[in-house]
Amino acid sequence: MVRIHHRYAVVNGYQIFYREAGPRDRPTVLLLHGFPSSSLMFRHLLPRLADRWHLVAPDHVGFGLSDAPTADTFTYSFDSLTDITATLLRQLGIERYCLFVHDHGAPIGWRLALRTPAAVTAIITQNGNAYDEGLLPEFFTAVRDYWREQIPRTEAGVREALTLELTRWRYLAGVTDETLVDPTTWTHDHDLLSRPDNDRAQLALFRDYATNLALYPQVQRYFRERQVPLLAIWGRGDPIFGPAGALAFTTDLPNAEVHLIDGGHFLLESALDEVAPLVRAFLDRHL
């Protein structure tokens with residue numbers, strides 16, 4: 001049995017939950033989850049990697065088992081979530097790490113890389129976007145409307161993403177065999193999204209997501225200048241971030257390794273056996 005530790009740390013006054021596995025004297029992989037999930041999304045991947053690498057997967061503030069302060073007492077922004085993550089790393093004594101990013105975890109990872117470029121040894125992005133080409137209009141039209149104007153009509157469009165129906169859709173869209181996806185994933189996420197005042201926290205993050213697009217030119221310049229080793233593993237049926245977002249990494253990183261795999265947004269739920277060997281081979285080469 002591979003030992004996965006479930007720990008808490010107090011970071012900037014907030015209790016942060018994180019999963020930790022593998023030898024601490026081995027290179028670290030920092031796994032950053034997306035919306036609306038938590039480190040739970042890595043529950044099956046961690047045992048596949050823990051024999052060789054030190055793994056740390058935190059829950060962001062407002063997600064999973066970490067504290068979820070009200071939107072009146074915590075500034076829900078990607079800068080704030082990055083601040084928490086950076087402080088957690090310092091408290092754990094982690095100075096260098098490979099990033100594994102997904103969805104919301106990507107802009108947090110990009111900010112970490114821009115703040116301390118030398119700390120990032122390599123990057124694995126699983127449907128973690130950094131290019132306009134990856135933004136599918138079918139999903140982002142409503143989000144862009146909300147960026148332009150916060151009124152009841154545009155807010156209602158974004159609030160759809162907080163419903164059980166849309167959370168289920170995130171997990172199943174693009175998956176050929178839906179029976180491979182455990183229904184407790186979307187029901188668990190929806191229960192956490194439904195906590196008191198969490199809707200306001202998530203709406204604040206949707207508003208702030210516009211800052212991630214504004215950051216793309218800096219992120220792409222970082223890629224060009226650092227030529228960091230990068231593996232992009234993408235569910236080709238992802239209805240939010242399309243395959244063009246994966247292929248775009250080769251624009252600035254000609255040596256980037258890109259794999260489009262049958263599956264959707266939460267690829268680890270339905271294609272773990274395809275993803276894990278690719279991750280292990282990449283880590284073997286670069287860490």
# chains A, B, ... in the order shown; residues from 1 in each chain; ligands from 1
>>> closest_atom_pairs(of="segment 93-116 of chain A", to="segment 228-242 of chain A", cutoff="10 Å", atoms="only C-alpha atoms", output="Markdown table")
| residue | atom | partner | partner_atom | distance |
| --- | --- | --- | --- | --- |
| A:Cys98 | CA | A:Pro229 | CA | 9.5 |
| A:Leu99 | CA | A:Leu230 | CA | 9.4 |
| A:Phe100 | CA | A:Leu231 | CA | 9.3 |
| A:Val101 | CA | A:Ala232 | CA | 9.8 |
| A:His102 | CA | A:Trp234 | CA | 9.9 |
| A:Asp103 | CA | A:Phe241 | CA | 8.4 |
>>> closest_atom_pairs(of="segment 198-284 of chain A", to="segment 117-125 of chain A", cutoff="12 Å", atoms="only C-alpha atoms", output="CSV")
residue,atom,partner,partner_atom,distance
A:Val219,CA,A:Pro117,CA,10.7
A:Arg221,CA,A:Pro117,CA,11.7
A:Tyr222,CA,A:Pro117,CA,8.0
A:Phe223,CA,A:Pro117,CA,10.0
A:Glu225,CA,A:Pro117,CA,10.2
A:Arg226,CA,A:Pro117,CA,7.9
A:Gln227,CA,A:Ala122,CA,9.5
A:Val228,CA,A:Ala122,CA,5.7
A:Pro229,CA,A:Ala122,CA,4.9
A:Leu230,CA,A:Ile123,CA,4.7
A:Leu231,CA,A:Ile124,CA,4.7
A:Ala232,CA,A:Thr125,CA,4.9
A:Ile233,CA,A:Thr125,CA,6.2
A:Trp234,CA,A:Thr125,CA,8.0
A:Gly235,CA,A:Thr125,CA,11.1
A:Phe241,CA,A:Thr125,CA,11.8
A:Gly245,CA,A:Thr125,CA,10.5
A:Ala246,CA,A:Thr125,CA,8.5
A:Leu247,CA,A:Thr125,CA,11.7
A:Phe249,CA,A:Thr125,CA,10.0
A:Leu253,CA,A:Ile123,CA,11.5
A:Ala256,CA,A:Ile123,CA,9.7
A:Glu257,CA,A:Ile124,CA,9.5
A:Val258,CA,A:Thr125,CA,9.6
A:His259,CA,A:Thr125,CA,10.5
A:Leu260,CA,A:Thr125,CA,11.8
A:His265,CA,A:Thr125,CA,11.9
A:Leu267,CA,A:Thr125,CA,11.5
A:Val275,CA,A:Ile124,CA,11.0
A:Ala276,CA,A:Ile124,CA,11.6
A:Leu278,CA,A:Ile124,CA,10.1
A:Val279,CA,A:Ile124,CA,7.7
A:Arg280,CA,A:Ile124,CA,10.8
A:Ala281,CA,A:Ile124,CA,11.7
A:Phe282,CA,A:Ile124,CA,8.6
A:Leu283,CA,A:Ala122,CA,8.4
A:Asp284,CA,A:Ala122,CA,11.4
>>> write_last_selection(atoms="N, CA and C atoms", output="mmCIF file, in the first residue's frame")
data_model
loop_
_atom_site.group_PDB
_atom_site.id
_atom_site.type_symbol
_atom_site.label_atom_id
_atom_site.label_comp_id
_atom_site.auth_asym_id
_atom_site.auth_seq_id
_atom_site.Cartn_x
_atom_site.Cartn_y
_atom_site.Cartn_z
ATOM 1 N N VAL A 219 3.365 35.087 -19.536
ATOM 2 C CA VAL A 219 3.589 33.650 -19.388
ATOM 3 C C VAL A 219 4.287 33.100 -20.628
ATOM 4 N N ARG A 221 6.137 34.750 -22.746
ATOM 5 C CA ARG A 221 7.529 35.238 -22.756
ATOM 6 C C ARG A 221 8.385 34.417 -21.815
ATOM 7 N N TYR A 222 7.839 34.055 -20.638
ATOM 8 C CA TYR A 222 8.552 33.179 -19.711
ATOM 9 C C TYR A 222 8.902 31.854 -20.388
ATOM 10 N N PHE A 223 7.945 31.262 -21.103
ATOM 11 C CA PHE A 223 8.217 30.011 -21.819
ATOM 12 C C PHE A 223 9.367 30.198 -22.814
ATOM 13 N N GLU A 225 11.769 32.429 -22.918
ATOM 14 C CA GLU A 225 13.062 32.755 -22.320
ATOM 15 C C GLU A 225 13.639 31.607 -21.511
ATOM 16 N N ARG A 226 12.791 30.864 -20.801
ATOM 17 C CA ARG A 226 13.282 29.808 -19.923
ATOM 18 C C ARG A 226 13.378 28.455 -20.619
ATOM 19 N N GLN A 227 12.565 28.235 -21.644
ATOM 20 C CA GLN A 227 12.515 26.937 -22.331
ATOM 21 C C GLN A 227 12.401 25.797 -21.328
ATOM 22 N N VAL A 228 11.499 25.979 -20.386
ATOM 23 C CA VAL A 228 11.257 24.978 -19.352
ATOM 24 C C VAL A 228 10.686 23.711 -19.993
ATOM 25 N N PRO A 229 11.134 22.533 -19.573
ATOM 26 C CA PRO A 229 10.535 21.299 -20.108
ATOM 27 C C PRO A 229 9.039 21.262 -19.805
ATOM 28 N N LEU A 230 8.221 20.947 -20.800
ATOM 29 C CA LEU A 230 6.771 20.976 -20.604
ATOM 30 C C LEU A 230 6.115 19.782 -21.289
ATOM 31 N N LEU A 231 5.215 19.170 -20.552
ATOM 32 C CA LEU A 231 4.373 18.083 -21.049
ATOM 33 C C LEU A 231 2.929 18.547 -20.986
ATOM 34 N N ALA A 232 2.248 18.565 -22.131
ATOM 35 C CA ALA A 232 0.820 18.911 -22.177
ATOM 36 C C ALA A 232 0.036 17.646 -22.480
ATOM 37 N N ILE A 233 -0.797 17.245 -21.534
ATOM 38 C CA ILE A 233 -1.686 16.095 -21.711
ATOM 39 C C ILE A 233 -3.109 16.623 -21.675
ATOM 40 N N TRP A 234 -3.849 16.415 -22.754
ATOM 41 C CA TRP A 234 -5.128 17.104 -22.930
ATOM 42 C C TRP A 234 -6.230 16.121 -23.285
ATOM 43 N N GLY A 235 -7.353 16.256 -22.639
ATOM 44 C CA GLY A 235 -8.540 15.540 -23.086
ATOM 45 C C GLY A 235 -9.069 16.200 -24.345
ATOM 46 N N PHE A 241 -11.522 23.964 -22.417
ATOM 47 C CA PHE A 241 -10.232 24.292 -23.010
ATOM 48 C C PHE A 241 -9.955 23.290 -24.136
ATOM 49 N N GLY A 245 -5.441 24.665 -27.408
ATOM 50 C CA GLY A 245 -4.699 25.208 -26.277
ATOM 51 C C GLY A 245 -3.485 24.376 -25.929
ATOM 52 N N ALA A 246 -3.586 23.055 -26.121
ATOM 53 C CA ALA A 246 -2.436 22.175 -25.879
ATOM 54 C C ALA A 246 -1.387 22.362 -26.957
ATOM 55 N N LEU A 247 -1.817 22.369 -28.218
ATOM 56 C CA LEU A 247 -0.883 22.495 -29.333
ATOM 57 C C LEU A 247 -0.174 23.852 -29.318
ATOM 58 N N PHE A 249 1.250 25.415 -26.984
ATOM 59 C CA PHE A 249 2.482 25.480 -26.186
ATOM 60 C C PHE A 249 3.725 25.353 -27.070
ATOM 61 N N LEU A 253 7.493 26.883 -26.969
ATOM 62 C CA LEU A 253 8.344 25.789 -26.482
ATOM 63 C C LEU A 253 8.390 24.713 -27.568
ATOM 64 N N ALA A 256 8.258 21.141 -26.507
ATOM 65 C CA ALA A 256 7.164 20.684 -25.646
ATOM 66 C C ALA A 256 6.603 19.371 -26.173
ATOM 67 N N GLU A 257 6.210 18.509 -25.237
ATOM 68 C CA GLU A 257 5.626 17.216 -25.581
ATOM 69 C C GLU A 257 4.113 17.325 -25.403
ATOM 70 N N VAL A 258 3.361 17.080 -26.461
ATOM 71 C CA VAL A 258 1.904 17.259 -26.435
ATOM 72 C C VAL A 258 1.220 15.941 -26.771
ATOM 73 N N HIS A 259 0.258 15.565 -25.929
ATOM 74 C CA HIS A 259 -0.524 14.357 -26.162
ATOM 75 C C HIS A 259 -2.008 14.697 -26.044
ATOM 76 N N LEU A 260 -2.771 14.438 -27.110
ATOM 77 C CA LEU A 260 -4.221 14.580 -27.078
ATOM 78 C C LEU A 260 -4.809 13.192 -26.872
ATOM 79 N N HIS A 265 -12.530 17.020 -19.635
ATOM 80 C CA HIS A 265 -11.850 18.003 -18.794
ATOM 81 C C HIS A 265 -11.117 17.337 -17.639
ATOM 82 N N LEU A 267 -9.512 14.387 -17.116
ATOM 83 C CA LEU A 267 -8.955 13.235 -17.820
ATOM 84 C C LEU A 267 -8.518 12.118 -16.876
ATOM 85 N N VAL A 275 -2.535 8.365 -18.980
ATOM 86 C CA VAL A 275 -1.843 9.555 -18.492
ATOM 87 C C VAL A 275 -0.631 9.204 -17.638
ATOM 88 N N ALA A 276 -0.790 8.287 -16.696
ATOM 89 C CA ALA A 276 0.265 8.009 -15.720
ATOM 90 C C ALA A 276 1.598 7.613 -16.360
ATOM 91 N N LEU A 278 2.802 8.437 -19.257
ATOM 92 C CA LEU A 278 3.371 9.622 -19.898
ATOM 93 C C LEU A 278 3.995 10.553 -18.868
ATOM 94 N N VAL A 279 3.315 10.708 -17.732
ATOM 95 C CA VAL A 279 3.853 11.556 -16.659
ATOM 96 C C VAL A 279 5.133 10.957 -16.099
ATOM 97 N N ARG A 280 5.127 9.664 -15.845
ATOM 98 C CA ARG A 280 6.320 9.009 -15.291
ATOM 99 C C ARG A 280 7.514 9.132 -16.248
ATOM 100 N N ALA A 281 7.276 8.916 -17.529
ATOM 101 C CA ALA A 281 8.373 9.004 -18.496
ATOM 102 C C ALA A 281 8.928 10.419 -18.548
ATOM 103 N N PHE A 282 8.039 11.428 -18.513
ATOM 104 C CA PHE A 282 8.482 12.821 -18.534
ATOM 105 C C PHE A 282 9.301 13.150 -17.283
ATOM 106 N N LEU A 283 8.809 12.743 -16.119
ATOM 107 C CA LEU A 283 9.529 13.009 -14.882
ATOM 108 C C LEU A 283 10.872 12.290 -14.861
ATOM 109 N N ASP A 284 10.922 11.087 -15.382
ATOM 110 C CA ASP A 284 12.189 10.349 -15.464
ATOM 111 C C ASP A 284 13.220 11.119 -16.270
#
>>> residues_around(residues="Leu164 of chain A", least_positions_apart="5", cutoff="8 Å", atoms="only C-alpha atoms", output="ChimeraX atom specification")
/A:186-187,190
>>> select_by_dssp(residues="segment 129-268 of chain A", states="strand (DSSP E or B)", output="PyMOL selection string")
chain A and resi 135+230-235+241+257-261
>>> closest_residue(among="A:Arg144, A:His5, A:Arg168, A:Arg26", to="Thr211 of chain A", atoms="only C-alpha atoms")
A:Arg144
>>> select_by_dssp(residues="segment 82-257 of chain A", states="alpha helix (DSSP H)", output="ChimeraX atom specification")
/A:82-91,105-115,137-148,152-159,164-172,184-193,198-208,210-226,243-247,249-252
>>> closest_residue(among="A:Val56, A:Leu192, A:Leu205, A:Ala130", to="Arg24 of chain A", atoms="only C-alpha atoms")
A:Val56
>>> residues_around(residues="segment 85-91 of chain A", least_positions_apart="5", cutoff="10 Å", atoms="only C-alpha atoms", output="mmCIF file with C-alpha atoms, in the first residue's frame")
data_model
loop_
_atom_site.group_PDB
_atom_site.id
_atom_site.type_symbol
_atom_site.label_atom_id
_atom_site.label_comp_id
_atom_site.auth_asym_id
_atom_site.auth_seq_id
_atom_site.Cartn_x
_atom_site.Cartn_y
_atom_site.Cartn_z
ATOM 1 C CA ALA A 9 -1.144 23.649 7.693
ATOM 2 C CA VAL A 10 -2.082 27.128 8.899
ATOM 3 C CA VAL A 11 -1.101 29.537 6.137
ATOM 4 C CA ASN A 12 -1.634 33.292 6.542
ATOM 5 C CA ILE A 16 -5.004 24.591 4.252
ATOM 6 C CA TYR A 18 -2.961 19.069 1.402
ATOM 7 C CA LEU A 30 3.394 20.355 -6.870
ATOM 8 C CA LEU A 32 -2.580 22.264 -8.403
ATOM 9 C CA VAL A 56 2.294 17.804 -2.631
ATOM 10 C CA PRO A 58 -3.032 21.366 -1.727
ATOM 11 C CA ASP A 59 -6.682 22.418 -1.754
ATOM 12 C CA HIS A 60 -7.007 26.093 -2.663
ATOM 13 C CA VAL A 61 -8.807 28.417 -0.259
ATOM 14 C CA ASP A 79 -3.099 36.518 -6.870
ATOM 15 C CA SER A 80 -4.439 35.703 -3.397
ATOM 16 C CA ARG A 96 12.273 23.774 -6.301
ATOM 17 C CA TYR A 97 9.440 21.806 -7.850
ATOM 18 C CA ILE A 108 -1.803 29.895 -10.028
ATOM 19 C CA GLY A 109 1.117 27.877 -11.380
ATOM 20 C CA ARG A 111 2.056 33.196 -11.314
ATOM 21 C CA LEU A 112 4.391 31.071 -9.202
ATOM 22 C CA ARG A 115 7.514 35.202 -9.397
ATOM 23 C CA THR A 116 10.348 32.689 -8.995
#
>>> residues_around(residues="Ser38 of chain A", least_positions_apart="2", cutoff="6 Å", atoms="only C-alpha atoms", output="ChimeraX atom specification")
/A:33,40,59,63-64
>>> atom_distance(atom1="atom CA of Gly22 of chain A", atom2="atom CA of Arg48 of chain A")
10.3 Å
>>> atom_distance(atom1="atom CA of Asp83 of chain A", atom2="atom CA of Tyr8 of chain A")
16.9 Å
>>> residues_around(residues="Asp177 of chain A", least_positions_apart="4", cutoff="9 Å", atoms="only C-alpha atoms", output="PyMOL selection string")
chain A and resi 172+181+263+270
>>> residues_around(residues="Ala204 of chain A", least_positions_apart="4", cutoff="8 Å", atoms="only C-alpha atoms", output="ChimeraX atom specification")
/A:71,76-77,200,208
>>> decode(residues="segment 205-245 of chain A", atoms="N, CA and C atoms", output="CSV table (one decimal), in the first residue's frame")
chain,number,residue,atom,x,y,z
A,205,LEU,N,-14.0,34.7,-8.3
A,205,LEU,CA,-12.9,34.1,-9.1
A,205,LEU,C,-13.2,34.1,-10.6
A,206,PHE,N,-14.5,33.9,-10.9
A,206,PHE,CA,-14.8,34.0,-12.4
A,206,PHE,C,-14.6,35.5,-12.9
A,207,ARG,N,-14.9,36.5,-12.1
A,207,ARG,CA,-14.6,37.9,-12.5
A,207,ARG,C,-13.1,38.0,-12.7
A,208,ASP,N,-12.3,37.5,-11.7
A,208,ASP,CA,-10.9,37.7,-11.7
A,208,ASP,C,-10.2,36.9,-12.8
A,209,TYR,N,-10.9,35.9,-13.4
A,209,TYR,CA,-10.3,35.1,-14.4
A,209,TYR,C,-9.8,35.9,-15.6
A,210,ALA,N,-10.4,37.1,-15.8
A,210,ALA,CA,-10.0,38.0,-16.9
A,210,ALA,C,-8.5,38.3,-16.7
A,211,THR,N,-8.0,38.4,-15.5
A,211,THR,CA,-6.6,38.8,-15.3
A,211,THR,C,-5.7,37.7,-15.8
A,212,ASN,N,-6.2,36.5,-15.9
A,212,ASN,CA,-5.3,35.4,-16.4
A,212,ASN,C,-5.0,35.6,-17.9
A,213,LEU,N,-6.0,36.0,-18.6
A,213,LEU,CA,-5.8,36.2,-20.1
A,213,LEU,C,-4.9,37.4,-20.3
A,214,ALA,N,-5.0,38.4,-19.4
A,214,ALA,CA,-4.1,39.6,-19.5
A,214,ALA,C,-2.6,39.1,-19.2
A,215,LEU,N,-2.5,38.1,-18.5
A,215,LEU,CA,-1.2,37.6,-18.1
A,215,LEU,C,-0.5,36.7,-19.1
A,216,TYR,N,-1.3,36.2,-20.1
A,216,TYR,CA,-0.8,35.3,-21.1
A,216,TYR,C,0.5,35.7,-21.8
A,217,PRO,N,0.6,37.0,-22.2
A,217,PRO,CA,1.8,37.4,-22.9
A,217,PRO,C,3.0,37.3,-22.0
A,218,GLN,N,2.9,37.6,-20.7
A,218,GLN,CA,4.1,37.4,-19.8
A,218,GLN,C,4.4,35.9,-19.6
A,219,VAL,N,3.4,35.1,-19.5
A,219,VAL,CA,3.6,33.6,-19.4
A,219,VAL,C,4.3,33.1,-20.6
A,220,GLN,N,3.8,33.5,-21.8
A,220,GLN,CA,4.4,33.0,-23.0
A,220,GLN,C,5.9,33.5,-23.2
A,221,ARG,N,6.1,34.8,-22.7
A,221,ARG,CA,7.5,35.2,-22.8
A,221,ARG,C,8.4,34.4,-21.8
A,222,TYR,N,7.8,34.1,-20.6
A,222,TYR,CA,8.6,33.2,-19.7
A,222,TYR,C,8.9,31.9,-20.4
A,223,PHE,N,7.9,31.3,-21.1
A,223,PHE,CA,8.2,30.0,-21.8
A,223,PHE,C,9.4,30.2,-22.8
A,224,ARG,N,9.3,31.3,-23.6
A,224,ARG,CA,10.3,31.5,-24.6
A,224,ARG,C,11.7,31.7,-24.0
A,225,GLU,N,11.8,32.4,-22.9
A,225,GLU,CA,13.1,32.8,-22.3
A,225,GLU,C,13.6,31.6,-21.5
A,226,ARG,N,12.8,30.9,-20.8
A,226,ARG,CA,13.3,29.8,-19.9
A,226,ARG,C,13.4,28.5,-20.6
A,227,GLN,N,12.6,28.2,-21.6
A,227,GLN,CA,12.5,26.9,-22.3
A,227,GLN,C,12.4,25.8,-21.3
A,228,VAL,N,11.5,26.0,-20.4
A,228,VAL,CA,11.3,25.0,-19.4
A,228,VAL,C,10.7,23.7,-20.0
A,229,PRO,N,11.1,22.5,-19.6
A,229,PRO,CA,10.5,21.3,-20.1
A,229,PRO,C,9.0,21.3,-19.8
A,230,LEU,N,8.2,20.9,-20.8
A,230,LEU,CA,6.8,21.0,-20.6
A,230,LEU,C,6.1,19.8,-21.3
A,231,LEU,N,5.2,19.2,-20.6
A,231,LEU,CA,4.4,18.1,-21.0
A,231,LEU,C,2.9,18.5,-21.0
A,232,ALA,N,2.2,18.6,-22.1
A,232,ALA,CA,0.8,18.9,-22.2
A,232,ALA,C,0.0,17.6,-22.5
A,233,ILE,N,-0.8,17.2,-21.5
A,233,ILE,CA,-1.7,16.1,-21.7
A,233,ILE,C,-3.1,16.6,-21.7
A,234,TRP,N,-3.8,16.4,-22.8
A,234,TRP,CA,-5.1,17.1,-22.9
A,234,TRP,C,-6.2,16.1,-23.3
A,235,GLY,N,-7.4,16.3,-22.6
A,235,GLY,CA,-8.5,15.5,-23.1
A,235,GLY,C,-9.1,16.2,-24.3
A,236,ARG,N,-9.0,15.5,-25.5
A,236,ARG,CA,-9.4,16.1,-26.7
A,236,ARG,C,-10.9,16.5,-26.8
A,237,GLY,N,-11.7,16.0,-25.9
A,237,GLY,CA,-13.1,16.3,-25.8
A,237,GLY,C,-13.4,17.3,-24.8
A,238,ASP,N,-12.4,18.0,-24.2
A,238,ASP,CA,-12.7,19.0,-23.2
A,238,ASP,C,-13.6,20.1,-23.7
A,239,PRO,N,-14.7,20.4,-23.1
A,239,PRO,CA,-15.6,21.4,-23.7
A,239,PRO,C,-15.3,22.9,-23.2
A,240,ILE,N,-14.2,23.0,-22.4
A,240,ILE,CA,-13.9,24.3,-21.9
A,240,ILE,C,-12.6,24.8,-22.5
A,241,PHE,N,-11.5,24.0,-22.4
A,241,PHE,CA,-10.2,24.3,-23.0
A,241,PHE,C,-10.0,23.3,-24.1
A,242,GLY,N,-10.0,23.8,-25.4
A,242,GLY,CA,-9.9,22.9,-26.5
A,242,GLY,C,-8.5,22.4,-26.8
A,243,PRO,N,-8.3,21.4,-27.6
A,243,PRO,CA,-7.0,20.9,-28.0
A,243,PRO,C,-6.1,21.9,-28.6
A,244,ALA,N,-6.6,23.0,-29.2
A,244,ALA,CA,-5.7,24.0,-29.7
A,244,ALA,C,-4.9,24.7,-28.6
A,245,GLY,N,-5.4,24.7,-27.4
A,245,GLY,CA,-4.7,25.2,-26.3
A,245,GLY,C,-3.5,24.4,-25.9
